[in-house]
Amino acid sequence: MRKAIAVIFLGIIGYYLLATFFNIPFGIARVLDGVGFKYLAMGVPDTGAANVVTSIVVNFRGFDTLGEVTVLFLAATGMGALLHHREPMKRSRQNASIIVKAGARILFPLIIILGAYVFVHGHLTPGGGFQGGAIIASGFLLMFMSYRSYHVNHVVISRVESLAGSTFVIIGLFGLVYGHSFLANVLPLGTVNTLFSAGVIPLIYIAVGFKVGSELTGLLDTMLKTVK
Amino acid sequence: MIYYVAAFSLILIGAYAVLVKKNMIKIVLGLSLIDSGVNILLVALGYINGKTAPIFSNPSLKAEGMVDPVPQALVLTAIVIGVAVTALALTIVIRLHDHHKTLDISKIRELKW
Amino acid sequence: MDILLIILTVILIVAAVMTIRKKDLVAAVISSSVVSLIASIYFYLLQAPDVALTEAAIGVGLSTIIFMITIRRTRRMEE
């Protein structure tokens, strides 16, 4: 009965969605002077970053990114609060096989270097702080999986996280003091398509990379601690 | 066009799971399917035939030959927020399982509809 | 090219249906990670390499792991 109602209901919604979207052609420029084209035209002269998506995320709409980082922080805090146990459960000491352990030990530094590369080059190539942080967290996950006794120091993680978060805000305040607005690009822009270019964008993305990486690592550690 | 069909299928299948399924992990899986569907729809709306990704990696690329970057920046944000929301929802599922010893949402009296 | 896209879409829809049909939650979560993987290929084809990288790192990797930890912590079968 409930299934039938749900199917009818979704059928009506699906019919109207498809009927609406058949009138919106795919792959055709609909807005000729929209904000996206303004960003494309102004992105390189204004911010010096070759990757326009990065210049939108970090510079044009940088305040949104600060809010996003805050949401991520609140989610991690909420998980820590909900999963808090007075007596920490002991993880079983059973390790993975020798092949997994040896492979993990070789791969771990390489994964960390890849993550750092992705967030340092965020203004030149696809990628950035969020992707690099996620890659670093998956490197730590590999270590959690292969060595059951491996654990990270929560004090260090929360220090790194708050330091990176405050770096973001302080760079933004520098823009307010020396420029015209919060997160204004106050450093010299340099030559486009070189590593030292785009002013504050690489600095902010490095801070975001450290913050996301430490946050997701702490989140995985919190969840894995509760597994017997 | 086929991207629209894929996006709507994901949204409708996810909504079906949220409405009908009783297992809480299945409901969260349905939410993450809706998430993927909406992301595909947004990026597909910004695509323009024959244009390249919005990265000025060599000087011959012109701003006129690039797709709309705004939906891509939006979706980048949405994916990261999505995983944080999923993790928080699953934490609540773990707490409910600890308390009621079941994942079946119809057996948890306080949540019945 | 179009044939490839149609095959990908069929796999995507089958994986999405398997995600909600399978009684074994581990199989359901693996199917949902297939959905994320194909979404990541879609983003690449739609000229959005930034989004494709994000989806591959976060949607396929981390979110699957978070579901797996939850299943390990609670129970595996949907009764």
# chains A, B, ... in the order shown; residues from 1 in each chain; ligands from 1
>>> interface_residues(of="chain C", to="chain B", cutoff="6 Å", atoms="only C-alpha atoms", output="ChimeraX atom specification")
/C:47-48,51
>>> residues_around(residues="segment 216-225 of chain A", least_positions_apart="5", cutoff="9 Å", atoms="only C-alpha atoms", output="number ranges by chain")
A: 72, 76-77, 79-80, 83-84, 88-91, 133-134, 136-138, 140-141, 144, 151-152, 154, 157-158, 211; B: 87, 91; C: 62, 65-66, 69-70, 73
>>> write_last_selection(atoms="N, CA, C and O atoms", output="compact mmCIF listing (two decimals), in the first residue's frame")
# COMPACT_ATOMS: atom_id res chain seq x y z
N LEU A 72 31.73 21.68 7.84
CA LEU A 72 32.51 20.46 8.00
C LEU A 72 32.98 20.31 9.44
O LEU A 72 32.91 19.23 10.03
N ALA A 76 32.00 17.33 12.17
CA ALA A 76 32.99 16.53 12.89
C ALA A 76 32.79 16.66 14.39
O ALA A 76 32.87 15.68 15.13
N THR A 77 32.49 17.89 14.86
CA THR A 77 32.26 18.09 16.29
C THR A 77 31.04 17.32 16.76
O THR A 77 31.05 16.68 17.81
N MET A 79 29.75 14.63 15.45
CA MET A 79 30.05 13.19 15.51
C MET A 79 30.84 12.85 16.75
O MET A 79 30.57 11.84 17.40
N GLY A 80 31.84 13.69 17.08
CA GLY A 80 32.62 13.43 18.28
C GLY A 80 31.75 13.43 19.52
O GLY A 80 31.90 12.58 20.39
N LEU A 83 29.38 10.22 19.52
CA LEU A 83 30.04 8.92 19.68
C LEU A 83 30.91 8.87 20.91
O LEU A 83 31.67 7.92 21.09
N HIS A 84 30.81 9.87 21.76
CA HIS A 84 31.69 9.91 22.91
C HIS A 84 31.37 8.79 23.90
O HIS A 84 30.21 8.55 24.24
N PRO A 88 36.87 4.13 26.66
CA PRO A 88 37.12 3.85 25.25
C PRO A 88 37.17 2.36 24.98
O PRO A 88 37.78 1.60 25.74
N MET A 89 36.48 1.93 23.91
CA MET A 89 36.48 0.51 23.57
C MET A 89 37.84 0.12 23.00
O MET A 89 38.46 0.87 22.25
N LYS A 90 38.28 -1.08 23.35
CA LYS A 90 39.57 -1.55 22.84
C LYS A 90 39.37 -2.16 21.47
O LYS A 90 38.52 -3.01 21.29
N ARG A 91 40.18 -1.71 20.50
CA ARG A 91 40.14 -2.36 19.19
C ARG A 91 40.91 -3.65 19.27
O ARG A 91 41.94 -3.73 19.94
N GLY A 133 42.90 17.24 0.73
CA GLY A 133 42.63 16.80 2.10
C GLY A 133 42.00 15.43 2.14
O GLY A 133 42.35 14.59 2.97
N ALA A 134 41.07 15.16 1.19
CA ALA A 134 40.42 13.85 1.16
C ALA A 134 41.44 12.77 0.82
O ALA A 134 41.40 11.66 1.38
N ILE A 136 44.67 12.83 1.51
CA ILE A 136 45.50 12.61 2.70
C ILE A 136 44.75 11.75 3.72
O ILE A 136 45.31 10.82 4.31
N ALA A 137 43.45 12.05 3.90
CA ALA A 137 42.67 11.25 4.85
C ALA A 137 42.60 9.81 4.41
O ALA A 137 42.65 8.89 5.23
N SER A 138 42.50 9.54 3.07
CA SER A 138 42.44 8.14 2.65
C SER A 138 43.79 7.45 2.86
O SER A 138 43.82 6.24 3.10
N PHE A 140 45.73 8.03 5.51
CA PHE A 140 45.67 7.63 6.93
C PHE A 140 44.74 6.44 7.12
O PHE A 140 45.01 5.56 7.94
N LEU A 141 43.65 6.40 6.32
CA LEU A 141 42.71 5.29 6.42
C LEU A 141 43.41 3.97 6.09
O LEU A 141 43.18 2.95 6.75
N PHE A 144 45.17 2.92 9.11
CA PHE A 144 44.22 2.41 10.13
C PHE A 144 43.81 0.98 9.79
O PHE A 144 43.64 0.14 10.66
N HIS A 151 47.43 4.64 15.65
CA HIS A 151 46.46 5.67 15.99
C HIS A 151 47.11 7.04 15.87
O HIS A 151 48.33 7.17 15.95
N VAL A 152 46.29 8.05 15.64
CA VAL A 152 46.81 9.40 15.51
C VAL A 152 46.60 10.13 16.82
O VAL A 152 45.71 9.80 17.61
N HIS A 154 45.21 12.88 18.91
CA HIS A 154 44.08 13.79 18.73
C HIS A 154 44.43 15.23 19.05
O HIS A 154 43.86 16.15 18.47
N ILE A 157 46.07 16.64 15.98
CA ILE A 157 45.07 16.84 14.92
C ILE A 157 44.26 18.09 15.19
O ILE A 157 44.07 18.92 14.29
N SER A 158 43.81 18.28 16.44
CA SER A 158 42.96 19.45 16.66
C SER A 158 43.77 20.73 16.62
O SER A 158 43.27 21.76 16.17
N LYS A 211 43.28 21.67 6.85
CA LYS A 211 42.09 21.61 7.71
C LYS A 211 41.23 20.41 7.33
O LYS A 211 40.85 19.62 8.20
N ALA B 87 27.96 11.52 7.08
CA ALA B 87 28.65 11.00 8.26
C ALA B 87 27.87 11.31 9.53
O ALA B 87 27.73 10.45 10.41
N THR B 91 26.14 8.62 12.12
CA THR B 91 26.42 8.63 13.56
C THR B 91 25.13 8.53 14.35
O THR B 91 25.05 7.81 15.35
N LEU C 62 35.85 7.98 0.59
CA LEU C 62 35.54 8.21 2.00
C LEU C 62 34.12 7.82 2.36
O LEU C 62 33.89 7.20 3.40
N ILE C 65 33.64 4.16 2.85
CA ILE C 65 34.26 3.68 4.09
C ILE C 65 33.39 4.02 5.29
O ILE C 65 33.24 3.21 6.22
N ILE C 66 32.79 5.23 5.29
CA ILE C 66 31.97 5.62 6.43
C ILE C 66 30.77 4.69 6.56
O ILE C 66 30.41 4.23 7.65
N ILE C 69 32.00 1.30 7.95
CA ILE C 69 32.23 1.31 9.40
C ILE C 69 30.89 1.22 10.13
O ILE C 69 30.77 0.49 11.12
N THR C 70 29.88 1.94 9.62
CA THR C 70 28.57 1.89 10.28
C THR C 70 27.99 0.49 10.24
O THR C 70 27.43 0.01 11.23
N ARG C 73 29.61 -1.74 12.63
CA ARG C 73 29.27 -1.36 14.00
C ARG C 73 27.86 -1.83 14.35
O ARG C 73 27.58 -2.11 15.51
>>> residues_around(residues="Pro49 of chain C", least_positions_apart="6", cutoff="8 Å", atoms="only C-alpha atoms", output="list in words")
Pro126 and Gly127 of chain A; Ala53 of chain B; Phe43 of chain C
>>> write_last_selection(atoms="C-alpha atoms", output="short mmCIF file (atom, residue, chain, number, x, y, z; two decimals), in the first residue's frame")
data_model
loop_
_atom_site.label_atom_id
_atom_site.label_comp_id
_atom_site.auth_asym_id
_atom_site.auth_seq_id
_atom_site.Cartn_x
_atom_site.Cartn_y
_atom_site.Cartn_z
CA PRO A 126 42.22 20.50 -11.35
CA GLY A 127 42.13 19.88 -7.63
CA ALA B 53 37.05 22.94 -19.07
CA PHE C 43 31.72 14.93 -14.59
#
>>> select_by_dssp(residues="chain B", states="alpha helix (DSSP H)", output="JSON, numbers by chain")
{"B": [2, 3, 4, 5, 6, 7, 8, 9, 10, 11, 12, 13, 14, 15, 16, 17, 18, 19, 20, 24, 25, 26, 27, 28, 29, 30, 31, 32, 33, 34, 35, 36, 37, 38, 39, 40, 41, 42, 43, 44, 45, 46, 69, 70, 71, 72, 73, 74, 75, 76, 77, 78, 79, 80, 81, 82, 83, 84, 85, 86, 87, 88, 89, 90, 91, 92, 93, 94, 95, 96, 97, 98, 99, 100]}
>>> closest_atom_pairs(of="chain A", to="chain B", cutoff="9 Å", atoms="only C-alpha atoms", output="Markdown table")
| residue | atom | partner | partner_atom | distance |
| --- | --- | --- | --- | --- |
| A:Arg2 | CA | B:Val20 | CA | 6.8 |
| A:Lys3 | CA | B:Val20 | CA | 6.0 |
| A:Ala6 | CA | B:Tyr16 | CA | 6.6 |
| A:Val7 | CA | B:Tyr16 | CA | 7.3 |
| A:Leu10 | CA | B:Leu12 | CA | 6.5 |
| A:Gly11 | CA | B:Leu12 | CA | 8.4 |
| A:Ile13 | CA | B:Leu12 | CA | 8.4 |
| A:Gly14 | CA | B:Leu12 | CA | 7.0 |
| A:Leu17 | CA | B:Phe8 | CA | 7.8 |
| A:Leu18 | CA | B:Phe8 | CA | 7.8 |
| A:Phe21 | CA | B:Tyr4 | CA | 7.7 |
| A:Phe22 | CA | B:Met1 | CA | 8.2 |
| A:Ile24 | CA | B:Leu45 | CA | 8.9 |
| A:Pro25 | CA | B:Met1 | CA | 7.7 |
| A:Phe26 | CA | B:Met1 | CA | 5.7 |
| A:Gly27 | CA | B:Ile48 | CA | 4.1 |
| A:Ile28 | CA | B:Ile48 | CA | 5.1 |
| A:Ala29 | CA | B:Ile48 | CA | 5.8 |
| A:Val35 | CA | B:Val70 | CA | 7.9 |
| A:Gly36 | CA | B:Asp68 | CA | 5.4 |
| A:Phe37 | CA | B:Asp68 | CA | 6.8 |
| A:Tyr39 | CA | B:Pro69 | CA | 7.9 |
| A:Leu40 | CA | B:Ala63 | CA | 5.6 |
| A:Ala41 | CA | B:Ala63 | CA | 5.9 |
| A:Val44 | CA | B:Phe56 | CA | 8.2 |
| A:Ala49 | CA | B:Phe56 | CA | 8.5 |
| A:Ala50 | CA | B:Phe56 | CA | 4.9 |
| A:Asn51 | CA | B:Ile55 | CA | 4.3 |
| A:Val52 | CA | B:Pro54 | CA | 5.7 |
| A:Val53 | CA | B:Ala73 | CA | 5.6 |
| A:Thr54 | CA | B:Ala73 | CA | 7.7 |
| A:Ile56 | CA | B:Ala73 | CA | 6.7 |
| A:Val57 | CA | B:Ala73 | CA | 5.9 |
| A:Asp64 | CA | B:Thr77 | CA | 8.7 |
| A:Thr65 | CA | B:Thr77 | CA | 7.6 |
| A:Glu68 | CA | B:Ile81 | CA | 6.9 |
| A:Val69 | CA | B:Ile81 | CA | 8.7 |
| A:Val71 | CA | B:Ile81 | CA | 7.1 |
| A:Leu72 | CA | B:Ala84 | CA | 5.9 |
| A:Phe73 | CA | B:Ala84 | CA | 8.8 |
| A:Leu74 | CA | B:Ala84 | CA | 8.9 |
| A:Ala75 | CA | B:Ala84 | CA | 5.8 |
| A:Ala76 | CA | B:Ala84 | CA | 7.5 |
| A:Gly78 | CA | B:Leu88 | CA | 7.0 |
| A:Met79 | CA | B:Leu88 | CA | 5.9 |
| A:Leu82 | CA | B:Thr91 | CA | 7.0 |
| A:Leu83 | CA | B:Thr91 | CA | 7.1 |
| A:Leu124 | CA | B:Ser57 | CA | 7.2 |
| A:Thr125 | CA | B:Ile55 | CA | 7.4 |
| A:Pro126 | CA | B:Ile55 | CA | 8.0 |
| A:Phe130 | CA | B:Val80 | CA | 7.4 |
| A:Val192 | CA | B:Phe56 | CA | 8.9 |
| A:Asn193 | CA | B:Ser57 | CA | 6.9 |
| A:Leu219 | CA | B:Ala87 | CA | 8.6 |
| A:Met223 | CA | B:Thr91 | CA | 8.2 |
>>> residues_around(residues="Gly122 of chain A", least_positions_apart="6", cutoff="9 Å", atoms="only C-alpha atoms", output="PDB file with C-alpha atoms, in the first residue's frame")
ATOM      1  CA  ALA A  49      44.795  31.840 -11.054  1.00  0.00           C
ATOM      2  CA  ASN A  51      41.932  27.519 -12.861  1.00  0.00           C
ATOM      3  CA  THR A  54      39.538  27.707  -7.971  1.00  0.00           C
ATOM      4  CA  GLY A 128      42.580  21.930  -4.514  1.00  0.00           C
ATOM      5  CA  GLY A 129      42.296  21.894  -0.769  1.00  0.00           C
ATOM      6  CA  GLY A 132      43.969  17.025  -1.451  1.00  0.00           C
ATOM      7  CA  ILE A 201      44.853  31.745  -3.367  1.00  0.00           C
ATOM      8  CA  PRO A 202      47.571  29.073  -2.876  1.00  0.00           C
ATOM      9  CA  TYR A 205      44.067  26.416  -0.392  1.00  0.00           C
ATOM     10  CA  ILE A 206      47.040  25.037   1.586  1.00  0.00           C
TER      11      ILE A 206
END
>>> residues_around(residues="Phe210 of chain A", least_positions_apart="2", cutoff="7 Å", atoms="only C-alpha atoms", output="list in words")
Gly133, Glu161, Ala164, Ile206, Ala207, Val208, Val212, Gly213 and Ser214 of chain A
>>> atom_distance(atom1="atom CA of Ile7 of chain C", atom2="atom CA of Met68 of chain C")
28.0 Å
>>> select_by_dssp(residues="chain B", states="strand (DSSP E or B)", output="list in words")
Asn23, Thr52, Ile55, Met66 and Asp104 of chain B
>>> write_last_selection(atoms="C-alpha atoms", output="short mmCIF file (atom, residue, chain, number, x, y, z; two decimals), in the first residue's frame")
data_model
loop_
_atom_site.label_atom_id
_atom_site.label_comp_id
_atom_site.auth_asym_id
_atom_site.auth_seq_id
_atom_site.Cartn_x
_atom_site.Cartn_y
_atom_site.Cartn_z
CA ASN B 23 16.17 0.08 7.21
CA THR B 52 36.53 23.02 -22.83
CA ILE B 55 41.28 26.16 -16.94
CA MET B 66 34.85 27.46 -22.04
CA ASP B 104 14.18 -1.04 11.53
#
>>> closest_residue(among="C:Thr64, C:Ser36, C:Thr9, C:Ser31", to="chain A", atoms="only C-alpha atoms")
C:Thr64
>>> decode(residues="segment 35-62 of chain B", atoms="N, CA and C atoms", output="PDB file, in the first residue's frame")
ATOM      1  N   ASP B  35      21.633  13.032  -3.704  1.00  0.00           N
ATOM      2  CA  ASP B  35      22.747  13.970  -3.752  1.00  0.00           C
ATOM      3  C   ASP B  35      23.498  13.860  -5.080  1.00  0.00           C
ATOM      4  N   SER B  36      23.883  12.607  -5.466  1.00  0.00           N
ATOM      5  CA  SER B  36      24.599  12.411  -6.730  1.00  0.00           C
ATOM      6  C   SER B  36      23.770  12.885  -7.907  1.00  0.00           C
ATOM      7  N   GLY B  37      22.467  12.573  -7.883  1.00  0.00           N
ATOM      8  CA  GLY B  37      21.603  12.954  -9.000  1.00  0.00           C
ATOM      9  C   GLY B  37      21.543  14.459  -9.180  1.00  0.00           C
ATOM     10  N   VAL B  38      21.381  15.195  -8.069  1.00  0.00           N
ATOM     11  CA  VAL B  38      21.295  16.656  -8.165  1.00  0.00           C
ATOM     12  C   VAL B  38      22.620  17.221  -8.660  1.00  0.00           C
ATOM     13  N   ASN B  39      23.746  16.634  -8.206  1.00  0.00           N
ATOM     14  CA  ASN B  39      25.043  17.137  -8.672  1.00  0.00           C
ATOM     15  C   ASN B  39      25.200  16.957 -10.174  1.00  0.00           C
ATOM     16  N   ILE B  40      24.814  15.754 -10.685  1.00  0.00           N
ATOM     17  CA  ILE B  40      24.929  15.524 -12.135  1.00  0.00           C
ATOM     18  C   ILE B  40      24.049  16.517 -12.886  1.00  0.00           C
ATOM     19  N   LEU B  41      22.836  16.762 -12.383  1.00  0.00           N
ATOM     20  CA  LEU B  41      21.913  17.684 -13.055  1.00  0.00           C
ATOM     21  C   LEU B  41      22.504  19.086 -13.138  1.00  0.00           C
ATOM     22  N   LEU B  42      23.082  19.571 -12.019  1.00  0.00           N
ATOM     23  CA  LEU B  42      23.636  20.936 -12.017  1.00  0.00           C
ATOM     24  C   LEU B  42      24.789  21.075 -12.997  1.00  0.00           C
ATOM     25  N   VAL B  43      25.714  20.085 -12.984  1.00  0.00           N
ATOM     26  CA  VAL B  43      26.860  20.199 -13.890  1.00  0.00           C
ATOM     27  C   VAL B  43      26.400  20.086 -15.342  1.00  0.00           C
ATOM     28  N   ALA B  44      25.401  19.218 -15.603  1.00  0.00           N
ATOM     29  CA  ALA B  44      24.910  19.069 -16.973  1.00  0.00           C
ATOM     30  C   ALA B  44      24.259  20.355 -17.463  1.00  0.00           C
ATOM     31  N   LEU B  45      23.625  21.120 -16.572  1.00  0.00           N
ATOM     32  CA  LEU B  45      23.006  22.381 -16.985  1.00  0.00           C
ATOM     33  C   LEU B  45      24.051  23.412 -17.392  1.00  0.00           C
ATOM     34  N   GLY B  46      25.285  23.314 -16.847  1.00  0.00           N
ATOM     35  CA  GLY B  46      26.313  24.294 -17.182  1.00  0.00           C
ATOM     36  C   GLY B  46      27.123  23.918 -18.400  1.00  0.00           C
ATOM     37  N   TYR B  47      26.894  22.716 -18.951  1.00  0.00           N
ATOM     38  CA  TYR B  47      27.719  22.252 -20.068  1.00  0.00           C
ATOM     39  C   TYR B  47      27.282  22.904 -21.371  1.00  0.00           C
ATOM     40  N   ILE B  48      28.262  23.259 -22.207  1.00  0.00           N
ATOM     41  CA  ILE B  48      27.979  23.820 -23.530  1.00  0.00           C
ATOM     42  C   ILE B  48      28.748  22.990 -24.545  1.00  0.00           C
ATOM     43  N   ASN B  49      28.060  22.543 -25.595  1.00  0.00           N
ATOM     44  CA  ASN B  49      28.660  21.637 -26.578  1.00  0.00           C
ATOM     45  C   ASN B  49      29.952  22.196 -27.158  1.00  0.00           C
ATOM     46  N   GLY B  50      30.984  21.357 -27.222  1.00  0.00           N
ATOM     47  CA  GLY B  50      32.213  21.716 -27.921  1.00  0.00           C
ATOM     48  C   GLY B  50      33.118  22.667 -27.178  1.00  0.00           C
ATOM     49  N   LYS B  51      32.796  23.000 -25.909  1.00  0.00           N
ATOM     50  CA  LYS B  51      33.673  23.913 -25.179  1.00  0.00           C
ATOM     51  C   LYS B  51      34.495  23.139 -24.156  1.00  0.00           C
ATOM     52  N   THR B  52      35.581  23.752 -23.677  1.00  0.00           N
ATOM     53  CA  THR B  52      36.528  23.025 -22.832  1.00  0.00           C
ATOM     54  C   THR B  52      36.350  23.397 -21.366  1.00  0.00           C
ATOM     55  N   ALA B  53      37.089  22.687 -20.510  1.00  0.00           N
ATOM     56  CA  ALA B  53      37.046  22.938 -19.068  1.00  0.00           C
ATOM     57  C   ALA B  53      37.592  24.328 -18.764  1.00  0.00           C
ATOM     58  N   PRO B  54      37.087  25.005 -17.712  1.00  0.00           N
ATOM     59  CA  PRO B  54      37.500  26.394 -17.447  1.00  0.00           C
ATOM     60  C   PRO B  54      38.865  26.523 -16.791  1.00  0.00           C
ATOM     61  N   ILE B  55      39.917  26.043 -17.465  1.00  0.00           N
ATOM     62  CA  ILE B  55      41.280  26.165 -16.939  1.00  0.00           C
ATOM     63  C   ILE B  55      42.156  26.727 -18.050  1.00  0.00           C
ATOM     64  N   PHE B  56      42.813  27.861 -17.783  1.00  0.00           N
ATOM     65  CA  PHE B  56      43.657  28.487 -18.805  1.00  0.00           C
ATOM     66  C   PHE B  56      45.038  27.863 -18.745  1.00  0.00           C
ATOM     67  N   SER B  57      45.151  26.602 -19.165  1.00  0.00           N
ATOM     68  CA  SER B  57      46.436  25.925 -18.996  1.00  0.00           C
ATOM     69  C   SER B  57      47.398  26.262 -20.116  1.00  0.00           C
ATOM     70  N   ASN B  58      46.947  26.751 -21.275  1.00  0.00           N
ATOM     71  CA  ASN B  58      47.896  27.284 -22.244  1.00  0.00           C
ATOM     72  C   ASN B  58      47.327  28.515 -22.920  1.00  0.00           C
ATOM     73  N   PRO B  59      48.204  29.384 -23.454  1.00  0.00           N
ATOM     74  CA  PRO B  59      47.751  30.725 -23.868  1.00  0.00           C
ATOM     75  C   PRO B  59      46.769  30.721 -25.030  1.00  0.00           C
ATOM     76  N   SER B  60      46.661  29.587 -25.774  1.00  0.00           N
ATOM     77  CA  SER B  60      45.771  29.596 -26.935  1.00  0.00           C
ATOM     78  C   SER B  60      44.298  29.506 -26.530  1.00  0.00           C
ATOM     79  N   LEU B  61      44.011  29.169 -25.251  1.00  0.00           N
ATOM     80  CA  LEU B  61      42.612  29.022 -24.837  1.00  0.00           C
ATOM     81  C   LEU B  61      41.991  30.399 -24.593  1.00  0.00           C
ATOM     82  N   LYS B  62      40.745  30.529 -25.056  1.00  0.00           N
ATOM     83  CA  LYS B  62      40.049  31.811 -24.896  1.00  0.00           C
ATOM     84  C   LYS B  62      38.841  31.624 -23.972  1.00  0.00           C
TER      85      LYS B  62
END
